[in-house]
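With compact mmCIF, C-alpha atoms inside, this is upload-v4.txt:
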# COMPACT_ATOMS: atom_id res chain seq x y z
CA MET S 1 -34.88 -8.95 -26.12
CA ARG S 2 -31.59 -10.21 -24.87
CA ILE S 3 -28.66 -8.37 -26.42
CA THR S 4 -26.06 -10.68 -27.92
CA GLN S 5 -22.81 -8.79 -28.31
CA GLY S 6 -19.31 -9.99 -27.65
CA ALA S 7 -18.28 -13.45 -26.52
CA PHE S 8 -20.44 -15.77 -24.40
CA SER S 9 -23.57 -13.73 -25.06
CA PHE S 10 -25.62 -16.77 -26.07
CA LEU S 11 -24.77 -18.47 -22.78
CA PRO S 12 -26.51 -17.78 -19.50
CA ASP S 13 -24.98 -14.84 -17.63
CA LEU S 14 -21.55 -15.68 -16.22
CA THR S 15 -21.16 -15.83 -12.47
CA ASP S 16 -18.51 -13.69 -10.79
CA GLU S 17 -16.22 -16.71 -10.46
CA GLN S 18 -16.56 -17.44 -14.16
CA ILE S 19 -15.87 -13.79 -14.96
CA ALA S 20 -12.82 -13.91 -12.70
CA SER S 21 -11.40 -16.98 -14.39
CA GLN S 22 -11.99 -15.53 -17.85
CA ALA S 23 -10.28 -12.32 -16.73
CA GLN S 24 -7.43 -14.35 -15.28
CA TYR S 25 -7.03 -16.09 -18.62
CA CYS S 26 -6.74 -12.68 -20.30
CA ILE S 27 -4.25 -11.41 -17.73
CA ASP S 28 -2.15 -14.55 -18.04
CA ASN S 29 -1.98 -13.88 -21.77
CA GLY S 30 -0.62 -10.43 -21.08
CA TRP S 31 -3.76 -8.54 -22.08
CA ALA S 32 -4.89 -5.50 -20.14
CA VAL S 33 -8.42 -5.94 -18.84
CA SER S 34 -10.77 -3.06 -18.26
CA LEU S 35 -14.45 -2.32 -17.85
CA GLU S 36 -16.73 -0.23 -20.02
CA PHE S 37 -20.38 0.65 -19.59
CA THR S 38 -23.16 2.14 -21.65
CA ASP S 39 -26.91 2.58 -21.75
CA ASP S 40 -27.09 2.58 -25.53
CA PRO S 41 -27.09 -1.05 -26.65
CA HIS S 42 -27.04 -0.34 -30.40
CA PRO S 43 -24.58 -2.75 -32.04
CA ARG S 44 -22.85 0.13 -33.86
CA ASN S 45 -22.22 1.90 -30.57
CA THR S 46 -18.59 0.76 -30.39
CA TYR S 47 -17.11 3.20 -27.94
CA TRP S 48 -18.55 2.71 -24.47
CA GLU S 49 -17.65 4.81 -21.45
CA MET S 50 -14.55 3.58 -19.61
CA TRP S 51 -14.74 2.62 -15.97
CA GLY S 52 -11.29 3.49 -14.64
CA HIS S 53 -8.10 2.73 -16.49
CA PRO S 54 -7.14 -0.47 -18.26
CA MET S 55 -5.31 -2.67 -15.75
CA PHE S 56 -1.94 -3.09 -17.37
CA ASP S 57 -0.05 -4.31 -14.32
CA ASN S 58 -2.45 -6.19 -12.10
CA PRO S 59 -1.48 -9.86 -12.04
CA ASP S 60 -4.67 -11.10 -10.40
CA ALA S 61 -8.29 -11.04 -11.56
CA ALA S 62 -9.54 -10.14 -8.07
CA ALA S 63 -8.72 -6.54 -8.95
CA LEU S 64 -11.09 -6.65 -11.89
CA VAL S 65 -13.89 -8.24 -9.86
CA MET S 66 -13.44 -5.55 -7.22
CA GLU S 67 -13.81 -2.87 -9.88
CA LEU S 68 -16.79 -4.68 -11.38
CA LYS S 69 -18.56 -4.63 -8.02
CA GLU S 70 -17.83 -0.92 -7.69
CA CYS S 71 -19.07 -0.31 -11.21
CA ARG S 72 -22.26 -2.27 -10.58
CA LYS S 73 -22.97 -0.14 -7.54
CA VAL S 74 -23.01 2.96 -9.73
CA TYR S 75 -24.15 1.64 -13.11
CA GLY S 76 -25.84 -1.62 -12.19
CA ASP S 77 -28.80 -0.70 -14.40
CA ARG S 78 -26.70 -0.47 -17.56
CA TYR S 79 -24.62 -2.73 -19.76
CA ILE S 80 -21.11 -3.35 -18.50
CA ARG S 81 -18.57 -5.26 -20.53
CA LEU S 82 -15.12 -6.58 -19.88
CA VAL S 83 -12.56 -5.65 -22.51
CA ALA S 84 -9.20 -7.37 -22.85
CA PHE S 85 -6.73 -5.30 -24.81
CA ASP S 86 -3.60 -6.79 -26.30
CA ALA S 87 -0.94 -4.08 -26.41
CA SER S 88 1.68 -6.19 -28.16
CA HIS S 89 3.13 -4.83 -31.36
CA GLY S 90 1.12 -5.71 -34.43
CA TRP S 91 -2.08 -6.34 -32.48
CA GLU S 92 -2.77 -3.28 -30.38
CA SER S 93 -6.42 -4.08 -30.26
CA VAL S 94 -9.14 -5.82 -28.30
CA LYS S 95 -8.72 -9.58 -28.17
CA LEU S 96 -11.76 -10.48 -26.10
CA SER S 97 -14.81 -8.64 -24.90
CA PHE S 98 -17.98 -9.86 -23.23
CA ILE S 99 -20.92 -8.45 -21.32
CA VAL S 100 -20.71 -8.87 -17.56
CA ASN S 101 -23.77 -6.92 -16.50
CA ARG S 102 -27.06 -6.12 -18.22
CA PRO S 103 -30.25 -4.27 -17.28
CA THR S 104 -33.04 -6.37 -15.83
CA ASP S 105 -35.38 -5.29 -18.60
CA GLU S 106 -34.08 -5.17 -22.15
CA PRO S 107 -36.81 -3.74 -24.38
CA GLY S 108 -35.05 -4.47 -27.66
CA PHE S 109 -35.02 -2.63 -30.99
CA ARG S 110 -37.49 -0.86 -33.21
CA LEU S 111 -37.12 -1.55 -36.94
CA ALA S 112 -37.83 1.55 -39.04
CA ARG S 113 -38.38 1.29 -42.77
CA GLN S 114 -37.75 4.30 -44.93
CA GLU S 115 -39.34 4.11 -48.34
CA GLY S 116 -37.23 5.78 -50.98
CA ARG S 117 -37.56 6.40 -54.64
CA GLY S 118 -38.50 3.48 -56.79
CA ARG S 119 -39.22 0.61 -54.49
CA LEU S 120 -36.09 1.20 -52.38
CA VAL S 121 -36.45 0.54 -48.68
CA ARG S 122 -33.81 1.48 -46.12
CA TYR S 123 -33.87 -0.25 -42.78
CA THR S 124 -32.77 1.26 -39.46
CA THR S 125 -32.81 -0.23 -36.01
CA THR S 126 -33.19 1.96 -32.95
CA PRO S 127 -33.06 0.71 -29.38
CA TYR S 128 -36.30 1.50 -27.56
CA ALA S 129 -34.10 2.41 -24.61
CA THR S 130 -32.68 5.42 -26.44
CA ASP S 131 -36.12 7.01 -26.65
CA ARG S 132 -35.29 8.38 -23.24
CA ALA S 133 -32.42 10.71 -22.48
CA ALA S 134 -29.00 9.24 -21.71
CA GLY S 135 -28.68 8.47 -18.02
CA SER S 136 -32.41 7.97 -17.47
CA ARG S 137 -32.83 4.81 -19.52
CA TYR S 138 -33.54 1.42 -17.99
CA GLY S 139 -35.71 2.69 -15.18
CA ALA S 140 -32.97 4.55 -13.40
CA MET B 1 -29.30 -44.24 -5.69
CA ALA B 2 -29.06 -42.58 -2.33
CA ALA B 3 -26.50 -45.15 -1.24
CA ALA B 4 -24.41 -44.52 -4.33
CA GLU B 5 -24.46 -40.80 -3.67
CA ALA B 6 -23.39 -41.36 -0.11
CA LEU B 7 -20.57 -43.54 -1.36
CA ILE B 8 -19.36 -40.82 -3.71
CA GLU B 9 -19.53 -38.29 -0.89
CA THR B 10 -17.37 -40.40 1.39
CA THR B 11 -14.83 -41.26 -1.27
CA GLU B 12 -14.37 -37.60 -2.12
CA LEU B 13 -13.34 -36.69 1.41
CA PRO B 14 -10.25 -38.41 2.78
CA ALA B 15 -10.74 -39.98 6.19
CA THR B 16 -7.19 -39.36 7.31
CA VAL B 17 -4.52 -36.91 6.36
CA ASP B 18 -0.77 -37.28 6.54
CA LEU B 19 0.53 -33.91 7.65
CA ARG B 20 4.13 -34.98 7.19
CA ALA B 21 3.51 -35.90 3.55
CA GLU B 22 1.53 -32.69 3.00
CA PHE B 23 4.43 -30.77 4.49
CA GLU B 24 6.85 -32.31 2.03
CA THR B 25 4.74 -32.31 -1.13
CA SER B 26 3.37 -28.77 -0.79
CA GLY B 27 6.87 -27.33 -1.00
CA VAL B 28 6.52 -25.71 2.41
CA LYS B 29 9.40 -27.80 3.62
CA ASP B 30 11.64 -26.38 0.90
CA VAL B 31 10.68 -22.82 1.76
CA LEU B 32 11.34 -23.34 5.46
CA GLU B 33 14.64 -25.07 4.82
CA GLU B 34 15.66 -22.31 2.45
CA LEU B 35 14.74 -19.82 5.14
CA ASP B 36 16.92 -21.66 7.66
CA ARG B 37 19.81 -21.97 5.28
CA GLU B 38 19.87 -18.52 3.76
CA LEU B 39 18.77 -16.32 6.62
CA ILE B 40 21.28 -16.05 9.40
CA GLY B 41 20.04 -15.56 12.96
CA LEU B 42 16.42 -14.39 13.39
CA ALA B 43 15.51 -17.43 15.49
CA PRO B 44 12.24 -16.02 16.90
CA VAL B 45 11.13 -14.95 13.43
CA LYS B 46 11.79 -18.37 11.98
CA ARG B 47 9.90 -19.96 14.85
CA ARG B 48 6.88 -17.75 14.20
CA ILE B 49 6.96 -18.51 10.50
CA ARG B 50 7.11 -22.22 11.22
CA GLU B 51 4.13 -21.91 13.54
CA THR B 52 2.20 -19.98 10.93
CA ALA B 53 3.04 -22.59 8.32
CA ALA B 54 1.83 -25.35 10.66
CA LEU B 55 -1.43 -23.52 11.25
CA LEU B 56 -1.98 -23.08 7.53
CA LEU B 57 -1.19 -26.71 6.79
CA VAL B 58 -3.66 -27.90 9.42
CA GLU B 59 -6.26 -25.47 8.07
CA ARG B 60 -5.75 -26.86 4.63
CA ALA B 61 -6.05 -30.43 5.86
CA ARG B 62 -9.27 -29.52 7.67
CA ARG B 63 -10.65 -27.99 4.53
CA SER B 64 -9.80 -31.07 2.49
CA MET B 65 -11.67 -33.21 5.03
CA GLY B 66 -14.70 -31.00 4.86
CA LEU B 67 -14.43 -29.71 8.43
CA ALA B 68 -15.62 -26.24 9.26
CA HIS B 69 -12.93 -23.75 8.45
CA GLU B 70 -12.57 -20.07 8.06
CA THR B 71 -9.76 -18.44 6.14
CA PRO B 72 -7.40 -17.39 8.91
CA THR B 73 -6.44 -13.75 9.06
CA LEU B 74 -2.96 -13.58 7.67
CA HIS B 75 -2.24 -9.87 7.85
CA MET B 76 0.98 -9.34 9.73
CA SER B 77 3.12 -6.67 11.22
CA PHE B 78 6.90 -6.90 11.20
CA THR B 79 8.62 -4.71 13.73
CA GLY B 80 12.33 -4.30 14.22
CA ASN B 81 15.29 -2.04 13.74
CA PRO B 82 16.49 -1.09 10.26
CA GLY B 83 18.39 -3.76 8.37
CA THR B 84 17.03 -6.72 10.30
CA GLY B 85 15.62 -8.43 7.24
CA LYS B 86 11.96 -7.43 7.29
CA THR B 87 11.65 -7.04 3.53
CA THR B 88 13.59 -10.21 2.84
CA VAL B 89 11.35 -12.21 5.14
CA ALA B 90 8.24 -10.63 3.61
CA LEU B 91 9.39 -11.88 0.23
CA ARG B 92 9.81 -15.38 1.63
CA MET B 93 6.45 -15.11 3.30
CA ALA B 94 4.82 -14.35 -0.04
CA ASN B 95 6.43 -17.44 -1.48
CA LEU B 96 5.36 -19.57 1.50
CA LEU B 97 1.74 -18.41 1.38
CA HIS B 98 1.69 -19.02 -2.34
CA ARG B 99 2.86 -22.60 -1.93
CA LEU B 100 0.24 -23.19 0.71
CA GLY B 101 -2.36 -21.89 -1.67
CA TYR B 102 -3.44 -18.94 0.44
CA ILE B 103 -2.54 -16.40 -2.17
CA ARG B 104 -2.92 -17.06 -5.84
CA LYS B 105 0.12 -15.37 -7.36
CA GLY B 106 2.77 -15.03 -4.67
CA HIS B 107 4.20 -11.69 -5.72
CA LEU B 108 5.23 -8.97 -3.31
CA VAL B 109 4.33 -5.32 -3.85
CA SER B 110 6.50 -3.17 -1.63
CA VAL B 111 5.23 0.36 -1.00
CA THR B 112 5.72 3.31 1.33
CA ARG B 113 3.52 6.27 2.20
CA ASP B 114 4.34 8.05 -1.07
CA ASP B 115 2.80 5.25 -3.11
CA LEU B 116 -0.46 5.23 -1.19
CA VAL B 117 -1.18 8.81 -0.22
CA GLY B 118 -2.00 11.48 -2.76
CA GLN B 119 -1.04 15.11 -2.84
CA TYR B 120 -4.40 16.77 -3.23
CA ILE B 121 -8.04 16.08 -2.46
CA GLY B 122 -9.38 13.14 -4.42
CA HIS B 123 -5.96 11.83 -5.32
CA THR B 124 -5.53 9.40 -2.44
CA ALA B 125 -8.39 6.96 -2.98
CA PRO B 126 -7.55 6.06 -6.59
CA LYS B 127 -3.87 5.86 -5.74
CA THR B 128 -4.41 3.49 -2.82
CA LYS B 129 -6.86 1.42 -4.84
CA GLU B 130 -4.42 1.17 -7.71
CA ILE B 131 -1.77 -0.26 -5.38
CA LEU B 132 -4.26 -2.61 -3.75
CA LYS B 133 -5.32 -3.91 -7.14
CA LYS B 134 -1.73 -4.45 -8.10
CA ALA B 135 -1.13 -6.42 -4.90
CA MET B 136 -4.16 -8.66 -5.24
CA GLY B 137 -3.30 -12.31 -5.36
CA GLY B 138 -0.08 -11.51 -3.53
CA VAL B 139 1.35 -9.67 -0.58
CA LEU B 140 1.23 -5.93 0.00
CA PHE B 141 4.24 -4.85 2.05
CA ILE B 142 3.91 -1.38 3.55
CA ASP B 143 7.28 -0.23 4.79
CA GLU B 144 7.36 2.33 7.59
CA ALA B 145 3.61 2.11 7.87
CA TYR B 146 3.42 4.63 10.73
CA TYR B 147 4.01 7.46 8.28
CA LEU B 148 0.51 6.82 6.97
CA TYR B 149 -0.89 8.39 10.11
CA ARG B 150 0.13 11.93 10.96
CA PRO B 151 -1.67 12.97 14.13
CA GLU B 152 -0.25 16.49 14.00
CA ASN B 153 -2.17 17.24 10.80
CA GLU B 154 -5.82 16.33 10.93
CA ARG B 155 -6.33 17.11 7.25
CA ASP B 156 -3.63 14.70 6.25
CA TYR B 157 -4.75 12.36 3.46
CA GLY B 158 -3.08 9.40 5.17
CA GLN B 159 -6.25 8.76 7.14
CA GLU B 160 -8.20 8.28 3.94
CA SER B 161 -5.68 5.75 2.76
CA ILE B 162 -5.88 3.90 6.09
CA GLU B 163 -9.66 3.64 5.81
CA ILE B 164 -9.48 2.11 2.34
CA LEU B 165 -6.78 -0.29 3.47
CA LEU B 166 -8.82 -1.41 6.45
CA GLN B 167 -11.88 -1.95 4.32
CA VAL B 168 -10.06 -4.13 1.82
CA MET B 169 -8.15 -5.98 4.54
CA GLU B 170 -11.47 -6.93 6.10
CA ASN B 171 -13.57 -7.67 3.02
CA GLN B 172 -11.03 -9.27 0.73
CA ARG B 173 -9.02 -11.43 3.06
CA ASP B 174 -8.91 -14.13 0.40
CA ASP B 175 -7.42 -11.81 -2.18
CA LEU B 176 -4.43 -10.28 -0.49
CA VAL B 177 -2.26 -10.31 2.59
CA VAL B 178 -1.04 -7.03 4.03
CA ILE B 179 2.24 -6.85 5.91
CA LEU B 180 3.05 -3.67 7.80
CA ALA B 181 6.64 -3.03 8.74
CA GLY B 182 8.48 -0.47 10.79
CA TYR B 183 10.45 0.33 13.91
CA SER B 184 8.97 -1.19 17.06
CA ASP B 185 8.25 1.88 19.18
CA ARG B 186 6.71 3.89 16.36
CA MET B 187 4.62 0.97 15.18
CA ASP B 188 3.28 0.57 18.72
CA ARG B 189 2.22 4.19 18.74
CA PHE B 190 0.70 3.76 15.29
CA PHE B 191 -1.40 0.81 16.45
CA GLU B 192 -2.48 2.70 19.56
CA SER B 193 -3.90 5.52 17.49
CA ASN B 194 -5.40 3.13 14.88
CA PRO B 195 -7.05 0.35 16.88
CA GLY B 196 -8.72 -0.86 13.69
CA PHE B 197 -5.36 -1.96 12.37
CA ARG B 198 -4.39 -3.73 15.56
CA SER B 199 -7.49 -5.88 15.62
CA ARG B 200 -7.19 -6.81 11.97
CA ILE B 201 -3.63 -8.01 12.27
CA ALA B 202 -3.24 -11.41 13.84
CA HIS B 203 0.48 -11.90 13.65
CA HIS B 204 2.90 -9.48 15.22
CA ILE B 205 6.45 -10.59 14.57
CA ASP B 206 9.38 -8.83 16.19
CA PHE B 207 12.76 -8.88 14.46
CA PRO B 208 15.70 -8.90 16.90
CA ASP B 209 19.00 -7.16 16.19
CA TYR B 210 21.81 -9.31 14.87
CA ASN B 211 24.77 -10.01 17.14
CA ASP B 212 28.35 -9.48 15.98
CA ASP B 213 28.90 -13.09 15.01
CA GLU B 214 25.73 -13.18 12.90
CA LEU B 215 26.69 -9.95 11.18
CA PHE B 216 30.07 -11.40 10.31
CA ARG B 217 28.44 -14.47 8.80
CA ILE B 218 26.07 -12.25 6.87
CA ALA B 219 29.04 -10.31 5.52
CA GLU B 220 30.67 -13.52 4.42
CA THR B 221 27.60 -14.71 2.54
CA MET B 222 27.17 -11.30 0.92
CA LEU B 223 30.76 -11.40 -0.31
CA ALA B 224 30.51 -15.00 -1.44
CA ARG B 225 27.45 -14.12 -3.51
CA GLN B 226 29.50 -11.48 -5.33
CA ASN B 227 32.48 -13.80 -5.70
CA TYR B 228 34.66 -11.98 -3.21
CA GLN B 229 36.47 -13.28 -0.16
CA LEU B 230 38.25 -11.86 2.86
CA ASP B 231 41.82 -12.82 3.59
CA GLN B 232 42.71 -13.69 7.15
CA ASP B 233 43.61 -10.17 8.29
CA GLY B 234 40.66 -8.82 6.40
CA GLY B 235 38.39 -11.08 8.43
CA LYS B 236 39.88 -9.78 11.69
CA ALA B 237 39.50 -6.21 10.49
CA LEU B 238 35.86 -6.82 9.70
CA VAL B 239 35.21 -8.26 13.17
CA ASP B 240 36.71 -5.09 14.66
CA TYR B 241 34.72 -2.99 12.26
CA ILE B 242 31.42 -4.57 13.24
CA ALA B 243 32.10 -4.10 16.97
CA LYS B 244 33.01 -0.43 16.44
CA ARG B 245 30.24 0.34 13.96
CA ARG B 246 27.57 -0.89 16.36
CA THR B 247 28.43 1.81 18.90
CA GLN B 248 28.06 4.58 16.35
CA PRO B 249 24.86 6.36 15.33
CA HIS B 250 22.69 5.26 12.38
CA PHE B 251 23.68 1.67 12.78
CA ALA B 252 21.40 -0.35 10.52
CA ASN B 253 22.43 -3.95 11.10
CA ALA B 254 22.88 -5.89 7.86
CA ARG B 255 22.35 -2.78 5.75
CA SER B 256 25.33 -1.07 7.40
CA ILE B 257 27.39 -4.13 6.68
CA ARG B 258 26.35 -4.17 3.06
CA ASN B 259 27.30 -0.53 2.67
CA ALA B 260 30.62 -1.13 4.40
CA LEU B 261 31.37 -3.97 2.03
CA ASP B 262 30.48 -1.85 -0.98
CA ARG B 263 32.93 0.80 0.21
CA ALA B 264 35.57 -1.84 0.90
CA ARG B 265 35.21 -3.06 -2.68
CA LEU B 266 35.66 0.49 -3.87
CA ARG B 267 38.86 0.84 -1.86
CA GLN B 268 40.09 -2.52 -3.02
CA ALA B 269 39.55 -1.51 -6.64
CA ASN B 270 41.43 1.73 -6.04
CA ARG B 271 44.27 -0.08 -4.30
CA LEU B 272 44.64 -2.53 -7.17
CA PHE B 273 44.47 0.27 -9.69
CA GLU B 274 47.11 2.41 -8.05
CA HIS B 275 49.55 -0.14 -6.71
CA SER B 276 49.49 -3.08 -9.05
CA THR B 277 52.28 -3.27 -11.56
CA GLY B 278 51.96 -6.56 -13.36
CA ALA B 279 49.20 -8.97 -14.28
CA LEU B 280 46.55 -9.70 -11.65
CA ASP B 281 45.03 -13.11 -11.12
CA ALA B 282 41.44 -13.86 -10.13
CA HIS B 283 42.46 -14.32 -6.52
CA ALA B 284 43.91 -10.80 -6.29
CA LEU B 285 40.83 -9.35 -7.96
CA SER B 286 38.46 -10.97 -5.52
CA THR B 287 40.26 -10.65 -2.20
CA ILE B 288 39.43 -7.91 0.27
CA ALA B 289 42.41 -7.18 2.48
CA ALA B 290 42.57 -5.68 5.95
CA GLU B 291 43.66 -2.27 4.65
CA ASP B 292 40.49 -1.98 2.55
CA ILE B 293 38.43 -2.22 5.70
CA ARG B 294 40.72 -0.43 8.16
CA ALA B 295 40.70 2.69 5.97
CA SER B 296 37.08 3.26 7.00
CA ARG B 297 36.36 6.35 9.04
CA VAL B 298 34.59 4.13 11.56
CA PHE B 299 38.03 3.39 13.00
CA THR B 300 38.92 7.05 13.40
CA ALA B 301 35.62 8.52 14.58
CA PRO B 302 34.92 8.65 18.32
CA ALA B 303 32.54 6.01 19.57
CA PHE B 304 30.06 8.55 20.97
CA PRO B 305 30.28 11.72 18.95
CA VAL B 306 29.24 14.95 20.63
CA GLN B 307 25.73 15.99 19.63
CA GLY B 308 25.58 18.58 16.87
CA THR B 309 28.94 17.91 15.29
Please express what this file holds, its structure, as structure tokens.
Amino acid sequence: MRITQGAFSFLPDLTDEQIASQAQYCIDNGWAVSLEFTDDPHPRNTYWEMWGHPMFDNPDAAALVMELKECRKVYGDRYIRLVAFDASHGWESVKLSFIVNRPTDEPGFRLARQEGRGRLVRYTTTPYATDRAAGSRYGA
Amino acid sequence: MAAAEALIETTELPATVDLRAEFETSGVKDVLEELDRELIGLAPVKRRIRETAALLLVERARRSMGLAHETPTLHMSFTGNPGTGKTTVALRMANLLHRLGYIRKGHLVSVTRDDLVGQYIGHTAPKTKEILKKAMGGVLFIDEAYYLYRPENERDYGQESIEILLQVMENQRDDLVVILAGYSDRMDRFFESNPGFRSRIAHHIDFPDYNDDELFRIAETMLARQNYQLDQDGGKALVDYIAKRRTQPHFANARSIRNALDRARLRQANRLFEHSTGALDAHALSTIAAEDIRASRVFTAPAFPVQGT
């Protein structure tokens, strides 16, 4: 099941040139781009691991693509996303984020139903990937 | 259908190209003219830059006509004595390459060894990469590049930095241009011990020293930019100063002149402050007189001081 989180996730995967021009758009707007990766695709898993620092003073997107290639070498079997952070006063938050790398096989989510008192049912989703220990998911 | 496609193909690629028009519309002409106008002397440097610009223009024309092309290696080394305008030219170079479309942003990141090499194990690689990332889309100018390599210390982290630089210079030629700068003899030795650098740098440009007349013209433009002028005796004093300063140690061409002018302004301010009695007009405030220059210790020091004094 293809994970759809962040922008562009219903489109086919972006090519590196498309990623570079999106990153350039972010940089030209004064946002700091950075990369984050994870192997836990749960939608509530907000805080992914950072790959390096946010690039506050790199004027060109080639720097991000270089880092992305480095990151793929190490964590190519995980999800990697680009995060564009707007540091300007009053915003200080992420303006754009999209997935730039995903595992070849995305097993999807298990839906668990918990039956409570009365006829109450609580629903929980769990990624099948997290059945295995962190670091050894996605066939690594 | 096939015919229509063929038609589209041929209309997309121009059959001829007007280099002269390209030269004028791309803004290269402006950059070169600016270079001629604002940089005094440096004839061989200007010639090399013009040649490089011609090569790039032809490359671009070839690309637009669909001919086989390969991004030319644009990494350069600037060698020359201190104060001969290496940094200034590097800045112009960034602008030129930007207008020709060979770099995307056209900014110049000027660094020295301290910015690239770390202080402990594992510090160098991220530091060098950080600088390289900052320079992407522009020009990375490494001043006094020979300090990167310290043969006397084999554990020096400079070597690590050199390896990363070489790798990026080779693999990401489209993303940034590296310019190494330094004194001629030491750069030669640096290239001898790092053959990888030599082969990756296509353009070696040597900056000649300025002659006395050029230095005087440089001084005049520097003063004009700050709204100062020399009176007639002041001009003569400056000519004498330049001739004398050249024979003394630590002569750094235009940089020495700039420092001399800064000190002359200081003396002029002092002179006005101590001796003026009434109101001063703009002319008095912006004129450097002979005494402001002749007070320099260049005129009193021996031409060849004894070593160790």
If you take all atoms listed in the file and a cut-off of 7 Å, which residues of chain S touch chain B, and what are their nearest atom pairs and distances in Å to one decimal, in chain and number order, as JSON lines?
{"residue": "S:Asp57", "atom": "CA", "partner": "B:Lys134", "partner_atom": "CA", "distance": 6.4}
{"residue": "S:Asn58", "atom": "CA", "partner": "B:Lys134", "partner_atom": "CA", "distance": 4.4}
{"residue": "S:Pro59", "atom": "CA", "partner": "B:Lys134", "partner_atom": "CA", "distance": 6.7}
{"residue": "S:Asp60", "atom": "CA", "partner": "B:Gly137", "partner_atom": "CA", "distance": 5.4}
{"residue": "S:Ala62", "atom": "CA", "partner": "B:Met136", "partner_atom": "CA", "distance": 6.3}
{"residue": "S:Ala63", "atom": "CA", "partner": "B:Lys133", "partner_atom": "CA", "distance": 4.7}
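Interatomic distance, atom CA of S:Phe56 to atom CA of S:Ala32: 4.7 Å.
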Contacts of stretch 281-288 of chain B at 6 Å or less, counting all atoms listed in the file, minus same-chain residues fewer than 4 places along, as a PyMOL selection string?
chain B and resi 228-230
Tell me which protein, DNA and RNA residues are within 8 Å of stretch 17-28 of chain B, counting all atoms listed in the file, leaving out same-chain ones fewer than 2 positions away, and put them as a VMD selection string.
chain B and resid 14 to 15 30 to 32 53 57 to 58 61 96 99 to 100
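Put simply, atom CA of S:Asp13 is 15.0 Å away from atom CA of S:Asp77.
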Length of the atom CA of B:Ser296 to atom CA of B:Ser256 vector [Å]:
12.5 Å
Return stretch 71-84 of chain S, completed with N, CA and C atoms, as a PDB file, in the frame of the given file.
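File out07.pdb, as written:
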ATOM      1  N   CYS S  71     -18.391  -0.819 -10.034  1.00  0.00           N
ATOM      2  CA  CYS S  71     -19.070  -0.310 -11.210  1.00  0.00           C
ATOM      3  C   CYS S  71     -20.558  -0.658 -11.157  1.00  0.00           C
ATOM      4  N   ARG S  72     -20.860  -1.860 -10.680  1.00  0.00           N
ATOM      5  CA  ARG S  72     -22.260  -2.270 -10.580  1.00  0.00           C
ATOM      6  C   ARG S  72     -23.025  -1.407  -9.589  1.00  0.00           C
ATOM      7  N   LYS S  73     -22.309  -0.978  -8.531  1.00  0.00           N
ATOM      8  CA  LYS S  73     -22.970  -0.140  -7.540  1.00  0.00           C
ATOM      9  C   LYS S  73     -23.457   1.155  -8.183  1.00  0.00           C
ATOM     10  N   VAL S  74     -22.658   1.677  -9.108  1.00  0.00           N
ATOM     11  CA  VAL S  74     -23.010   2.960  -9.730  1.00  0.00           C
ATOM     12  C   VAL S  74     -23.862   2.755 -10.972  1.00  0.00           C
ATOM     13  N   TYR S  75     -23.474   1.820 -11.823  1.00  0.00           N
ATOM     14  CA  TYR S  75     -24.150   1.640 -13.110  1.00  0.00           C
ATOM     15  C   TYR S  75     -24.735   0.249 -13.245  1.00  0.00           C
ATOM     16  N   GLY S  76     -25.277  -0.266 -12.159  1.00  0.00           N
ATOM     17  CA  GLY S  76     -25.840  -1.620 -12.190  1.00  0.00           C
ATOM     18  C   GLY S  76     -27.021  -1.760 -13.129  1.00  0.00           C
ATOM     19  N   ASP S  77     -27.636  -0.634 -13.524  1.00  0.00           N
ATOM     20  CA  ASP S  77     -28.800  -0.700 -14.400  1.00  0.00           C
ATOM     21  C   ASP S  77     -28.416  -0.581 -15.875  1.00  0.00           C
ATOM     22  N   ARG S  78     -27.126  -0.622 -16.156  1.00  0.00           N
ATOM     23  CA  ARG S  78     -26.700  -0.470 -17.560  1.00  0.00           C
ATOM     24  C   ARG S  78     -25.927  -1.705 -18.012  1.00  0.00           C
ATOM     25  N   TYR S  79     -25.486  -1.662 -19.257  1.00  0.00           N
ATOM     26  CA  TYR S  79     -24.620  -2.730 -19.760  1.00  0.00           C
ATOM     27  C   TYR S  79     -23.196  -2.445 -19.330  1.00  0.00           C
ATOM     28  N   ILE S  80     -22.537  -3.467 -18.817  1.00  0.00           N
ATOM     29  CA  ILE S  80     -21.110  -3.350 -18.500  1.00  0.00           C
ATOM     30  C   ILE S  80     -20.415  -4.486 -19.235  1.00  0.00           C
ATOM     31  N   ARG S  81     -19.305  -4.182 -19.870  1.00  0.00           N
ATOM     32  CA  ARG S  81     -18.570  -5.260 -20.530  1.00  0.00           C
ATOM     33  C   ARG S  81     -17.121  -5.261 -20.094  1.00  0.00           C
ATOM     34  N   LEU S  82     -16.545  -6.446 -20.158  1.00  0.00           N
ATOM     35  CA  LEU S  82     -15.120  -6.580 -19.880  1.00  0.00           C
ATOM     36  C   LEU S  82     -14.402  -6.541 -21.221  1.00  0.00           C
ATOM     37  N   VAL S  83     -13.328  -5.769 -21.286  1.00  0.00           N
ATOM     38  CA  VAL S  83     -12.560  -5.650 -22.510  1.00  0.00           C
ATOM     39  C   VAL S  83     -11.128  -6.057 -22.218  1.00  0.00           C
ATOM     40  N   ALA S  84     -10.594  -6.962 -23.019  1.00  0.00           N
ATOM     41  CA  ALA S  84      -9.200  -7.370 -22.850  1.00  0.00           C
ATOM     42  C   ALA S  84      -8.403  -6.863 -24.044  1.00  0.00           C
TER      43      ALA S  84
END
